[in-house]
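Trainee: upload-v3.cif is the file, holding mmCIF, N, CA and C atoms and all ligand atoms:
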data_run
loop_
_atom_site.label_atom_id
_atom_site.label_comp_id
_atom_site.auth_asym_id
_atom_site.auth_seq_id
_atom_site.Cartn_x
_atom_site.Cartn_y
_atom_site.Cartn_z
N MET A 29 -9.12 -46.96 -15.73
CA MET A 29 -9.09 -45.91 -16.75
C MET A 29 -8.36 -44.70 -16.21
N ALA A 30 -7.48 -44.15 -17.02
CA ALA A 30 -6.75 -42.96 -16.58
C ALA A 30 -7.67 -41.75 -16.62
N ARG A 31 -7.55 -40.91 -15.60
CA ARG A 31 -8.35 -39.68 -15.57
C ARG A 31 -7.65 -38.59 -16.38
N THR A 32 -8.44 -37.75 -17.00
CA THR A 32 -7.92 -36.58 -17.70
C THR A 32 -7.64 -35.49 -16.67
N ARG A 33 -6.46 -34.87 -16.76
CA ARG A 33 -6.15 -33.75 -15.86
C ARG A 33 -6.67 -32.47 -16.50
N THR A 34 -7.61 -31.82 -15.82
CA THR A 34 -8.25 -30.62 -16.35
C THR A 34 -8.20 -29.50 -15.31
N PRO A 35 -7.73 -28.31 -15.70
CA PRO A 35 -7.75 -27.18 -14.77
C PRO A 35 -9.18 -26.89 -14.33
N VAL A 36 -9.38 -26.65 -13.03
CA VAL A 36 -10.73 -26.39 -12.53
C VAL A 36 -11.23 -25.04 -13.07
N VAL A 37 -10.31 -24.12 -13.36
CA VAL A 37 -10.66 -22.88 -14.07
C VAL A 37 -9.67 -22.74 -15.21
N SER A 38 -10.18 -22.64 -16.42
CA SER A 38 -9.32 -22.58 -17.59
C SER A 38 -8.61 -21.23 -17.67
N GLY A 39 -7.28 -21.27 -17.89
CA GLY A 39 -6.53 -20.04 -18.16
C GLY A 39 -6.03 -19.29 -16.94
N TRP A 40 -6.24 -19.85 -15.73
CA TRP A 40 -5.78 -19.15 -14.52
C TRP A 40 -4.40 -19.61 -14.09
N PHE A 41 -3.93 -20.76 -14.60
CA PHE A 41 -2.62 -21.29 -14.21
C PHE A 41 -2.17 -22.28 -15.26
N ALA A 42 -0.86 -22.56 -15.27
CA ALA A 42 -0.32 -23.49 -16.27
C ALA A 42 1.04 -23.98 -15.83
N ASP A 43 1.38 -25.17 -16.31
CA ASP A 43 2.76 -25.64 -16.20
C ASP A 43 3.53 -25.02 -17.34
N THR A 44 4.51 -24.19 -17.04
CA THR A 44 5.30 -23.54 -18.07
C THR A 44 6.70 -24.15 -18.05
N PRO A 45 7.53 -23.85 -19.06
CA PRO A 45 8.91 -24.36 -19.03
C PRO A 45 9.66 -23.90 -17.77
N GLU A 46 9.25 -22.77 -17.18
CA GLU A 46 9.92 -22.27 -15.97
C GLU A 46 9.28 -22.82 -14.70
N GLY A 47 8.25 -23.67 -14.85
CA GLY A 47 7.59 -24.23 -13.67
C GLY A 47 6.13 -23.84 -13.64
N PHE A 48 5.46 -24.25 -12.58
CA PHE A 48 4.03 -23.98 -12.43
C PHE A 48 3.84 -22.49 -12.13
N ARG A 49 2.92 -21.85 -12.84
CA ARG A 49 2.69 -20.42 -12.64
C ARG A 49 1.20 -20.09 -12.67
N LEU A 50 0.81 -19.13 -11.84
CA LEU A 50 -0.49 -18.48 -12.02
C LEU A 50 -0.39 -17.58 -13.22
N LEU A 51 -1.50 -17.42 -13.95
CA LEU A 51 -1.52 -16.57 -15.14
C LEU A 51 -2.44 -15.38 -14.91
N GLY A 52 -1.90 -14.20 -15.11
CA GLY A 52 -2.71 -13.00 -15.05
C GLY A 52 -2.74 -12.37 -16.43
N THR A 53 -3.33 -11.18 -16.50
CA THR A 53 -3.25 -10.41 -17.74
C THR A 53 -2.75 -9.01 -17.40
N GLU A 54 -2.04 -8.43 -18.35
CA GLU A 54 -1.47 -7.09 -18.18
C GLU A 54 -1.96 -6.20 -19.31
N CYS A 55 -2.36 -4.98 -18.95
CA CYS A 55 -2.80 -4.01 -19.95
C CYS A 55 -1.57 -3.42 -20.63
N SER A 56 -1.53 -3.48 -21.95
CA SER A 56 -0.36 -2.97 -22.67
C SER A 56 -0.34 -1.44 -22.72
N ALA A 57 -1.45 -0.80 -22.35
CA ALA A 57 -1.48 0.68 -22.35
C ALA A 57 -1.01 1.26 -21.02
N CYS A 58 -1.40 0.64 -19.89
CA CYS A 58 -1.09 1.25 -18.58
C CYS A 58 -0.34 0.30 -17.66
N ALA A 59 -0.08 -0.94 -18.09
CA ALA A 59 0.66 -1.95 -17.32
C ALA A 59 -0.09 -2.42 -16.07
N ALA A 60 -1.39 -2.13 -15.96
CA ALA A 60 -2.18 -2.68 -14.85
C ALA A 60 -2.22 -4.20 -14.98
N LEU A 61 -2.12 -4.88 -13.83
CA LEU A 61 -2.05 -6.33 -13.81
C LEU A 61 -3.31 -6.88 -13.16
N PHE A 62 -3.84 -7.97 -13.70
CA PHE A 62 -5.07 -8.53 -13.17
C PHE A 62 -4.93 -10.02 -12.88
N PHE A 63 -5.32 -10.42 -11.68
CA PHE A 63 -5.53 -11.81 -11.34
C PHE A 63 -6.66 -11.84 -10.33
N PRO A 64 -7.75 -12.57 -10.53
CA PRO A 64 -8.01 -13.36 -11.74
C PRO A 64 -7.92 -12.52 -13.01
N ARG A 65 -7.55 -13.18 -14.09
CA ARG A 65 -7.32 -12.51 -15.35
C ARG A 65 -8.54 -11.71 -15.81
N GLU A 66 -8.26 -10.57 -16.42
CA GLU A 66 -9.30 -9.75 -17.03
C GLU A 66 -9.04 -9.77 -18.52
N ASP A 67 -9.99 -10.26 -19.30
CA ASP A 67 -9.79 -10.36 -20.74
C ASP A 67 -10.69 -9.42 -21.53
N ALA A 68 -11.67 -8.80 -20.86
CA ALA A 68 -12.64 -7.99 -21.60
C ALA A 68 -12.15 -6.55 -21.76
N TYR A 69 -11.79 -5.91 -20.64
CA TYR A 69 -11.35 -4.51 -20.72
C TYR A 69 -10.51 -4.18 -19.49
N CYS A 70 -9.64 -3.18 -19.61
CA CYS A 70 -8.80 -2.76 -18.50
C CYS A 70 -9.67 -2.07 -17.45
N ARG A 71 -9.53 -2.48 -16.18
CA ARG A 71 -10.36 -1.92 -15.12
C ARG A 71 -9.71 -0.74 -14.41
N ASN A 72 -8.54 -0.30 -14.88
CA ASN A 72 -7.90 0.86 -14.28
C ASN A 72 -8.61 2.12 -14.77
N PRO A 73 -9.27 2.88 -13.84
CA PRO A 73 -10.03 4.06 -14.27
C PRO A 73 -9.14 5.15 -14.89
N HIS A 74 -7.83 5.10 -14.63
CA HIS A 74 -6.92 6.11 -15.18
C HIS A 74 -6.22 5.64 -16.45
N CYS A 75 -6.63 4.48 -16.95
CA CYS A 75 -5.99 3.94 -18.16
C CYS A 75 -6.31 4.83 -19.36
N PRO A 76 -5.29 5.18 -20.17
CA PRO A 76 -5.55 5.97 -21.38
C PRO A 76 -6.38 5.20 -22.41
N GLY A 77 -6.42 3.88 -22.28
CA GLY A 77 -7.24 3.07 -23.18
C GLY A 77 -6.49 2.67 -24.44
N GLY A 78 -7.10 1.78 -25.16
CA GLY A 78 -6.53 1.35 -26.42
C GLY A 78 -5.54 0.22 -26.31
N GLY A 79 -5.28 -0.23 -25.08
CA GLY A 79 -4.31 -1.31 -24.89
C GLY A 79 -4.93 -2.67 -25.06
N ALA A 80 -4.07 -3.66 -25.31
CA ALA A 80 -4.52 -5.05 -25.34
C ALA A 80 -4.24 -5.68 -23.98
N LEU A 81 -5.04 -6.68 -23.60
CA LEU A 81 -4.78 -7.42 -22.37
C LEU A 81 -4.00 -8.66 -22.73
N VAL A 82 -2.76 -8.72 -22.23
CA VAL A 82 -1.82 -9.76 -22.63
C VAL A 82 -1.59 -10.70 -21.44
N GLU A 83 -1.64 -12.00 -21.71
CA GLU A 83 -1.42 -12.98 -20.65
C GLU A 83 0.02 -12.94 -20.16
N VAL A 84 0.19 -12.92 -18.83
CA VAL A 84 1.54 -12.93 -18.24
C VAL A 84 1.59 -13.94 -17.09
N PRO A 85 2.69 -14.71 -17.01
CA PRO A 85 2.87 -15.56 -15.84
C PRO A 85 3.24 -14.71 -14.63
N LEU A 86 2.68 -15.02 -13.47
CA LEU A 86 2.96 -14.24 -12.26
C LEU A 86 4.14 -14.84 -11.49
N SER A 87 4.65 -14.09 -10.53
CA SER A 87 5.79 -14.55 -9.72
C SER A 87 5.49 -15.91 -9.11
N PRO A 88 6.45 -16.82 -9.14
CA PRO A 88 6.23 -18.12 -8.52
C PRO A 88 6.30 -18.08 -6.99
N ARG A 89 6.82 -16.98 -6.44
CA ARG A 89 6.98 -16.90 -4.99
C ARG A 89 6.38 -15.63 -4.43
N GLY A 90 6.08 -15.69 -3.15
CA GLY A 90 5.58 -14.51 -2.45
C GLY A 90 5.70 -14.74 -0.97
N ARG A 91 5.09 -13.82 -0.19
CA ARG A 91 5.14 -13.95 1.27
C ARG A 91 3.73 -14.02 1.84
N VAL A 92 3.60 -14.82 2.89
CA VAL A 92 2.30 -15.00 3.54
C VAL A 92 1.83 -13.65 4.07
N TRP A 93 0.63 -13.25 3.63
CA TRP A 93 0.01 -11.99 4.04
C TRP A 93 -0.98 -12.27 5.16
N SER A 94 -1.67 -13.40 5.06
CA SER A 94 -2.60 -13.85 6.10
C SER A 94 -2.94 -15.31 5.83
N TYR A 95 -3.53 -15.97 6.81
CA TYR A 95 -3.93 -17.37 6.60
C TYR A 95 -4.98 -17.76 7.62
N THR A 96 -5.70 -18.81 7.30
CA THR A 96 -6.71 -19.33 8.22
C THR A 96 -7.00 -20.76 7.80
N ASP A 97 -7.83 -21.44 8.56
CA ASP A 97 -8.24 -22.77 8.11
C ASP A 97 -9.74 -22.94 8.22
N GLY A 98 -10.25 -23.89 7.44
CA GLY A 98 -11.68 -24.20 7.43
C GLY A 98 -11.87 -25.54 8.11
N ARG A 99 -12.40 -25.51 9.33
CA ARG A 99 -12.53 -26.76 10.09
C ARG A 99 -13.94 -27.33 10.05
N TYR A 100 -14.89 -26.53 9.51
CA TYR A 100 -16.28 -26.99 9.46
C TYR A 100 -16.80 -26.89 8.04
N ARG A 101 -17.73 -27.76 7.71
CA ARG A 101 -18.32 -27.76 6.38
C ARG A 101 -19.17 -26.50 6.19
N PRO A 102 -18.89 -25.70 5.16
CA PRO A 102 -19.72 -24.52 4.92
C PRO A 102 -21.13 -24.94 4.47
N PRO A 103 -22.14 -24.10 4.70
CA PRO A 103 -23.50 -24.43 4.26
C PRO A 103 -23.62 -24.32 2.74
N ALA A 104 -24.71 -24.83 2.18
CA ALA A 104 -25.01 -24.65 0.75
C ALA A 104 -25.03 -23.15 0.47
N PRO A 105 -24.61 -22.68 -0.69
CA PRO A 105 -24.40 -23.46 -1.92
C PRO A 105 -23.04 -24.14 -2.04
N TYR A 106 -22.23 -24.17 -0.97
CA TYR A 106 -20.97 -24.91 -1.03
C TYR A 106 -21.28 -26.36 -1.38
N VAL A 107 -20.54 -26.91 -2.35
CA VAL A 107 -20.80 -28.27 -2.81
C VAL A 107 -19.87 -29.23 -2.10
N SER A 108 -20.44 -30.15 -1.34
CA SER A 108 -19.63 -31.22 -0.75
C SER A 108 -20.55 -32.38 -0.41
N ASP A 109 -19.96 -33.53 -0.26
CA ASP A 109 -20.72 -34.73 0.05
C ASP A 109 -20.99 -34.77 1.55
N PRO A 110 -22.26 -34.60 1.96
CA PRO A 110 -22.55 -34.55 3.40
C PRO A 110 -22.23 -35.85 4.13
N ASP A 111 -22.10 -36.95 3.38
CA ASP A 111 -21.81 -38.23 4.02
C ASP A 111 -20.31 -38.48 4.18
N ALA A 112 -19.50 -37.69 3.46
CA ALA A 112 -18.05 -37.86 3.56
C ALA A 112 -17.53 -37.09 4.77
N PRO A 113 -16.50 -37.60 5.44
CA PRO A 113 -15.94 -36.84 6.56
C PRO A 113 -15.36 -35.52 6.08
N TRP A 114 -15.52 -34.48 6.86
CA TRP A 114 -15.00 -33.17 6.50
C TRP A 114 -13.49 -33.14 6.69
N GLU A 115 -12.79 -32.73 5.63
CA GLU A 115 -11.34 -32.63 5.70
C GLU A 115 -10.97 -31.16 5.87
N PRO A 116 -10.42 -30.77 7.01
CA PRO A 116 -10.03 -29.37 7.17
C PRO A 116 -9.02 -28.96 6.10
N TYR A 117 -9.09 -27.70 5.72
CA TYR A 117 -8.14 -27.21 4.72
C TYR A 117 -7.59 -25.87 5.20
N THR A 118 -6.46 -25.48 4.65
CA THR A 118 -5.79 -24.25 5.04
C THR A 118 -5.82 -23.27 3.88
N LEU A 119 -6.26 -22.05 4.14
CA LEU A 119 -6.32 -20.99 3.13
C LEU A 119 -5.20 -19.99 3.40
N VAL A 120 -4.50 -19.59 2.35
CA VAL A 120 -3.39 -18.65 2.48
C VAL A 120 -3.59 -17.48 1.53
N ALA A 121 -3.39 -16.28 2.05
CA ALA A 121 -3.34 -15.08 1.20
C ALA A 121 -1.86 -14.74 1.05
N VAL A 122 -1.41 -14.68 -0.19
CA VAL A 122 0.03 -14.51 -0.47
C VAL A 122 0.25 -13.23 -1.26
N GLU A 123 1.16 -12.40 -0.76
CA GLU A 123 1.56 -11.20 -1.51
C GLU A 123 2.68 -11.60 -2.46
N LEU A 124 2.39 -11.57 -3.76
CA LEU A 124 3.38 -12.00 -4.76
C LEU A 124 4.56 -11.05 -4.79
N GLU A 125 5.73 -11.66 -4.92
CA GLU A 125 7.00 -10.96 -4.79
C GLU A 125 7.11 -9.73 -5.70
N ALA A 126 7.00 -9.93 -6.99
CA ALA A 126 7.25 -8.83 -7.93
C ALA A 126 6.03 -7.92 -8.08
N GLU A 127 4.84 -8.51 -8.07
CA GLU A 127 3.63 -7.76 -8.38
C GLU A 127 3.07 -7.00 -7.18
N GLY A 128 3.35 -7.52 -5.96
CA GLY A 128 2.79 -6.90 -4.77
C GLY A 128 1.30 -7.12 -4.60
N MET A 129 0.70 -7.94 -5.46
CA MET A 129 -0.74 -8.21 -5.34
C MET A 129 -0.94 -9.42 -4.43
N VAL A 130 -2.09 -9.43 -3.75
CA VAL A 130 -2.38 -10.52 -2.83
C VAL A 130 -3.32 -11.52 -3.51
N VAL A 131 -2.90 -12.78 -3.52
CA VAL A 131 -3.64 -13.85 -4.18
C VAL A 131 -4.00 -14.90 -3.13
N LEU A 132 -5.23 -15.38 -3.21
CA LEU A 132 -5.73 -16.36 -2.26
C LEU A 132 -5.62 -17.76 -2.84
N GLY A 133 -5.27 -18.73 -2.02
CA GLY A 133 -5.26 -20.11 -2.47
C GLY A 133 -5.21 -21.05 -1.29
N GLN A 134 -5.44 -22.32 -1.55
CA GLN A 134 -5.30 -23.31 -0.50
C GLN A 134 -3.84 -23.69 -0.34
N ALA A 135 -3.48 -24.08 0.87
CA ALA A 135 -2.14 -24.59 1.12
C ALA A 135 -2.04 -26.00 0.55
N ALA A 136 -0.81 -26.42 0.25
CA ALA A 136 -0.57 -27.77 -0.24
C ALA A 136 -1.00 -28.78 0.83
N PRO A 137 -1.34 -30.00 0.42
CA PRO A 137 -1.76 -31.02 1.39
C PRO A 137 -0.71 -31.18 2.49
N GLY A 138 -1.16 -31.27 3.72
CA GLY A 138 -0.25 -31.48 4.84
C GLY A 138 0.25 -30.19 5.47
N VAL A 139 0.02 -29.05 4.81
CA VAL A 139 0.43 -27.76 5.38
C VAL A 139 -0.73 -27.22 6.20
N THR A 140 -0.51 -27.02 7.51
CA THR A 140 -1.55 -26.51 8.39
C THR A 140 -1.18 -25.10 8.86
N VAL A 141 -2.10 -24.46 9.58
CA VAL A 141 -1.82 -23.11 10.09
C VAL A 141 -0.61 -23.13 11.02
N ALA A 142 -0.34 -24.27 11.64
CA ALA A 142 0.82 -24.36 12.54
C ALA A 142 2.13 -24.27 11.77
N ASP A 143 2.08 -24.52 10.46
CA ASP A 143 3.30 -24.47 9.63
C ASP A 143 3.54 -23.09 9.03
N LEU A 144 2.59 -22.16 9.22
CA LEU A 144 2.65 -20.87 8.51
C LEU A 144 2.89 -19.72 9.48
N GLU A 145 3.51 -18.66 8.97
CA GLU A 145 3.69 -17.41 9.70
C GLU A 145 3.52 -16.28 8.70
N VAL A 146 3.00 -15.16 9.15
CA VAL A 146 2.94 -13.97 8.29
C VAL A 146 4.37 -13.58 7.90
N GLY A 147 4.58 -13.32 6.62
CA GLY A 147 5.91 -12.93 6.14
C GLY A 147 6.75 -14.09 5.64
N MET A 148 6.30 -15.32 5.90
CA MET A 148 7.05 -16.49 5.45
C MET A 148 7.03 -16.59 3.92
N GLU A 149 8.14 -17.02 3.34
CA GLU A 149 8.20 -17.16 1.89
C GLU A 149 7.53 -18.47 1.47
N VAL A 150 6.63 -18.36 0.49
CA VAL A 150 5.93 -19.53 -0.04
C VAL A 150 6.03 -19.52 -1.56
N GLU A 151 5.77 -20.69 -2.14
CA GLU A 151 5.79 -20.80 -3.60
C GLU A 151 4.49 -21.44 -4.06
N VAL A 152 4.14 -21.16 -5.32
CA VAL A 152 2.93 -21.73 -5.89
C VAL A 152 3.30 -23.06 -6.55
N VAL A 153 2.45 -24.06 -6.37
CA VAL A 153 2.67 -25.37 -6.97
C VAL A 153 1.34 -25.89 -7.51
N GLY A 154 1.43 -26.82 -8.44
CA GLY A 154 0.24 -27.45 -8.95
C GLY A 154 -0.36 -28.38 -7.91
N GLY A 155 -1.67 -28.53 -7.94
CA GLY A 155 -2.32 -29.42 -6.97
C GLY A 155 -3.60 -29.97 -7.55
N VAL A 156 -4.24 -30.81 -6.75
CA VAL A 156 -5.49 -31.44 -7.16
C VAL A 156 -6.61 -30.91 -6.29
N LEU A 157 -7.68 -30.43 -6.91
CA LEU A 157 -8.84 -29.96 -6.16
C LEU A 157 -9.80 -31.10 -5.88
N ASP A 158 -10.04 -31.92 -6.90
CA ASP A 158 -11.05 -32.97 -6.76
C ASP A 158 -10.84 -33.99 -7.87
N GLU A 159 -11.41 -35.16 -7.68
CA GLU A 159 -11.37 -36.18 -8.72
C GLU A 159 -12.75 -36.79 -8.85
N ASP A 160 -13.14 -37.06 -10.07
CA ASP A 160 -14.35 -37.86 -10.26
C ASP A 160 -14.01 -38.99 -11.23
N ALA A 161 -15.02 -39.67 -11.76
CA ALA A 161 -14.77 -40.89 -12.52
C ALA A 161 -13.76 -40.69 -13.65
N GLY A 162 -13.89 -39.59 -14.37
CA GLY A 162 -13.05 -39.43 -15.55
C GLY A 162 -12.04 -38.29 -15.49
N THR A 163 -12.11 -37.47 -14.43
CA THR A 163 -11.35 -36.23 -14.45
C THR A 163 -10.64 -35.99 -13.12
N THR A 164 -9.37 -35.57 -13.22
CA THR A 164 -8.66 -35.00 -12.07
C THR A 164 -8.68 -33.50 -12.26
N TRP A 165 -9.36 -32.79 -11.37
CA TRP A 165 -9.48 -31.33 -11.47
C TRP A 165 -8.29 -30.70 -10.78
N THR A 166 -7.48 -29.97 -11.57
CA THR A 166 -6.26 -29.41 -11.01
C THR A 166 -6.48 -27.95 -10.60
N THR A 167 -5.64 -27.49 -9.67
CA THR A 167 -5.72 -26.13 -9.16
C THR A 167 -4.33 -25.70 -8.73
N TRP A 168 -4.23 -24.56 -8.03
CA TRP A 168 -2.94 -24.14 -7.50
C TRP A 168 -2.96 -24.24 -5.98
N ARG A 169 -1.79 -24.44 -5.41
CA ARG A 169 -1.63 -24.51 -3.96
C ARG A 169 -0.40 -23.69 -3.58
N PHE A 170 -0.33 -23.30 -2.32
CA PHE A 170 0.88 -22.64 -1.82
C PHE A 170 1.54 -23.52 -0.77
N ARG A 171 2.87 -23.53 -0.79
CA ARG A 171 3.59 -24.27 0.24
C ARG A 171 4.83 -23.47 0.64
N PRO A 172 5.26 -23.63 1.90
CA PRO A 172 6.47 -22.93 2.33
C PRO A 172 7.66 -23.32 1.46
N VAL A 173 8.49 -22.33 1.14
CA VAL A 173 9.72 -22.61 0.40
C VAL A 173 10.66 -23.38 1.32
N GLU A 174 11.23 -24.44 0.78
CA GLU A 174 12.14 -25.28 1.55
C GLU A 174 13.25 -24.42 2.17
N GLY A 175 13.45 -24.58 3.46
CA GLY A 175 14.53 -23.86 4.14
C GLY A 175 14.16 -22.44 4.54
N ALA A 176 12.90 -22.02 4.26
CA ALA A 176 12.49 -20.65 4.60
C ALA A 176 11.95 -20.56 6.02
N ARG A 177 11.66 -21.71 6.64
CA ARG A 177 11.10 -21.68 7.99
C ARG A 177 12.13 -21.29 9.03
ZN ZN B 201 -4.99 -0.15 -18.90
#
So, in terms of structure tokens, how does the structure I just supplied come out?
Mentor:
Amino acid sequence: MARTRTPVVSGWFADTPEGFRLLGTECSACAALFFPREDAYCRNPHCPGGGALVEVPLSPRGRVWSYTDGRYRPPAPYVSDPDAPWEPYTLVAVELEAEGMVVLGQAAPGVTVADLEVGMEVEVVGGVLDEDAGTTWTTWRFRPVEGAR
């Protein structure tokens, strides 16, 4: 049976005609940008108010701001199968090119801390967080831009 591909968080990312993008929201009154998206009200204390929060795709590229890896299983409430072998993962904080905001995400499969440097150019790509019987849970990942190393 084919699994349904479902975003692990609805509305945070999408495949667009221009490619895979994180989705934020922008206040039409003060141009404040939010990721994770803010849909209820503008959080800028200096906002004149009255603006709508409009969904905007974020820059597909940015530069590594910091990174680390998780080599040990975190304690509860982290959800994982204690009987499955722990798979180390790499976390990257990326400063998006145009927005200047720092976004956290996992590195693409096969990318380790040895492959990363602060300031390196990376791009956001679609990825898989988890799979169960009926669903492939999709998420975003960062990977070095080809030729940027
Ligand atoms: Zn605002």
Trainee: Just to confirm, what's the straight-line distance from atom CA of Arg89 of chain A to atom C of Phe62 of chain A in Å (one decimal)?
Mentor: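 These two atoms are separated by 15.9 Å.
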Trainee: Determine, counting only N, CA and C atoms, which protein, DNA and RNA residues have an atom within 8 Å of an atom of segment 64-77 of chain A; residues of the same chain fewer than 4 positions away are not included. Present the result as a list in words.
Mentor: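 Surrounding residues, per the criterion: Gly39, Trp40, Leu51, Gly52, Thr53, Glu54, Cys55, Ser56, Ala57, Cys58, Ala59, Ala60, Leu81, Val82, Glu83 and Val131 of chain A.
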Trainee: Give me the residues near Val122 of chain A as a PyMOL selection string, where near means some atom within 8 Å (using all atoms listed in the file) and where sequence neighbours in that chain fewer than 5 positions away do not count.
Mentor: chain A and resi 89-95+128-133+150
Trainee: Find the residues around Arg169 of chain A up to 6.5 Å (only N, CA and C atoms counted), leave out those fewer than 4 positions away in its own chain, and share them as a ChimeraX atom specification.
Mentor: /A:133-136,151-155
Trainee: Between A:Ala104, A:Ala80, A:Leu86, A:Val173, which is the closest to ligand ZN 201 (chain B) once you count only N, CA and C atoms and all ligand atoms?
Mentor: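 Of A:Ala104, A:Ala80, A:Leu86, A:Val173, the one nearest ligand ZN 201 (chain B) is A:Ala80, counting only N, CA and C atoms and all ligand atoms.
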Trainee: Taking only N, CA and C atoms and all ligand atoms into account, name the residue in A:Thr166, A:Val139, A:Pro116, A:Leu61 that is nearest to ligand ZN 201 (chain B).
Mentor: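 Using only N, CA and C atoms and all ligand atoms, the shortest distance to ligand ZN 201 (chain B) belongs to A:Leu61.
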Trainee: Which of these residues is nearest to Leu119 of chain A, using only C-alpha atoms: A:Arg101, A:Arg33, A:Arg49, A:Arg171?
Mentor: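 Checking each of A:Arg101, A:Arg33, A:Arg49, A:Arg171 against Leu119 of chain A, counting only C-alpha atoms, the winner is A:Arg171.
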Trainee: Please, what is the axis-aligned box for every listed atom of segment 149-167 of chain A with 4 Å on each side, as centre and edge lengths in Å to one decimal, as JSON?
Mentor:
{"center_x": -3.4, "center_y": -29.0, "center_z": -6.1, "size_x": 31.2, "size_y": 31.9, "size_z": 26.9}
Trainee: For Asp158 of chain A, which residue among A:Ser38, A:Ser87, A:Thr44, A:Ser108 is the nearest when counting only C-alpha atoms?
Mentor: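 Result for the nearest residue to Asp158 of chain A: A:Ser108.
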Trainee: Render segment 108-126 of chain A from the structure in the preceding block as a file of N, CA and C atoms, as an mmCIF file, in the first residue's frame.
Mentor:
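Output file part39.cif is given in full below:
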data_model
loop_
_atom_site.group_PDB
_atom_site.id
_atom_site.type_symbol
_atom_site.label_atom_id
_atom_site.label_comp_id
_atom_site.auth_asym_id
_atom_site.auth_seq_id
_atom_site.Cartn_x
_atom_site.Cartn_y
_atom_site.Cartn_z
ATOM 1 N N SER A 108 10.704 7.970 20.901
ATOM 2 C CA SER A 108 11.486 7.103 20.019
ATOM 3 C C SER A 108 11.344 5.671 20.513
ATOM 4 N N ASP A 109 11.636 4.760 19.639
ATOM 5 C CA ASP A 109 11.525 3.342 19.961
ATOM 6 C C ASP A 109 12.789 2.912 20.709
ATOM 7 N N PRO A 110 12.665 2.593 22.012
ATOM 8 C CA PRO A 110 13.872 2.257 22.790
ATOM 9 C C PRO A 110 14.570 0.992 22.290
ATOM 10 N N ASP A 111 13.861 0.169 21.517
ATOM 11 C CA ASP A 111 14.465 -1.065 21.024
ATOM 12 C C ASP A 111 15.187 -0.872 19.695
ATOM 13 N N ALA A 112 14.911 0.259 19.033
ATOM 14 C CA ALA A 112 15.572 0.520 17.751
ATOM 15 C C ALA A 112 16.937 1.148 18.007
ATOM 16 N N PRO A 113 17.925 0.849 17.159
ATOM 17 C CA PRO A 113 19.230 1.484 17.345
ATOM 18 C C PRO A 113 19.120 2.995 17.151
ATOM 19 N N TRP A 114 19.849 3.747 17.941
ATOM 20 C CA TRP A 114 19.817 5.203 17.840
ATOM 21 C C TRP A 114 20.603 5.651 16.613
ATOM 22 N N GLU A 115 19.941 6.462 15.785
ATOM 23 C CA GLU A 115 20.591 6.991 14.589
ATOM 24 C C GLU A 115 21.001 8.425 14.865
ATOM 25 N N PRO A 116 22.294 8.718 14.929
ATOM 26 C CA PRO A 116 22.698 10.107 15.157
ATOM 27 C C PRO A 116 22.146 11.020 14.058
ATOM 28 N N TYR A 117 21.866 12.248 14.435
ATOM 29 C CA TYR A 117 21.366 13.199 13.446
ATOM 30 C C TYR A 117 22.122 14.513 13.626
ATOM 31 N N THR A 118 22.102 15.339 12.592
ATOM 32 C CA THR A 118 22.821 16.605 12.603
ATOM 33 C C THR A 118 21.814 17.746 12.579
ATOM 34 N N LEU A 119 21.971 18.693 13.494
ATOM 35 C CA LEU A 119 21.103 19.868 13.570
ATOM 36 C C LEU A 119 21.868 21.082 13.055
ATOM 37 N N VAL A 120 21.213 21.891 12.235
ATOM 38 C CA VAL A 120 21.854 23.069 11.659
ATOM 39 C C VAL A 120 20.987 24.295 11.929
ATOM 40 N N ALA A 121 21.625 25.370 12.372
ATOM 41 C CA ALA A 121 20.958 26.672 12.464
ATOM 42 C C ALA A 121 21.441 27.475 11.261
ATOM 43 N N VAL A 122 20.492 27.927 10.453
ATOM 44 C CA VAL A 122 20.823 28.574 9.177
ATOM 45 C C VAL A 122 20.280 29.999 9.166
ATOM 46 N N GLU A 123 21.161 30.948 8.860
ATOM 47 C CA GLU A 123 20.722 32.337 8.691
ATOM 48 C C GLU A 123 20.279 32.501 7.247
ATOM 49 N N LEU A 124 18.973 32.723 7.051
ATOM 50 C CA LEU A 124 18.426 32.826 5.697
ATOM 51 C C LEU A 124 18.942 34.077 5.006
ATOM 52 N N GLU A 125 19.243 33.897 3.726
ATOM 53 C CA GLU A 125 19.918 34.910 2.926
ATOM 54 C C GLU A 125 19.219 36.270 2.967
ATOM 55 N N ALA A 126 17.982 36.324 2.535
ATOM 56 C CA ALA A 126 17.302 37.615 2.391
ATOM 57 C C ALA A 126 16.750 38.113 3.722
#
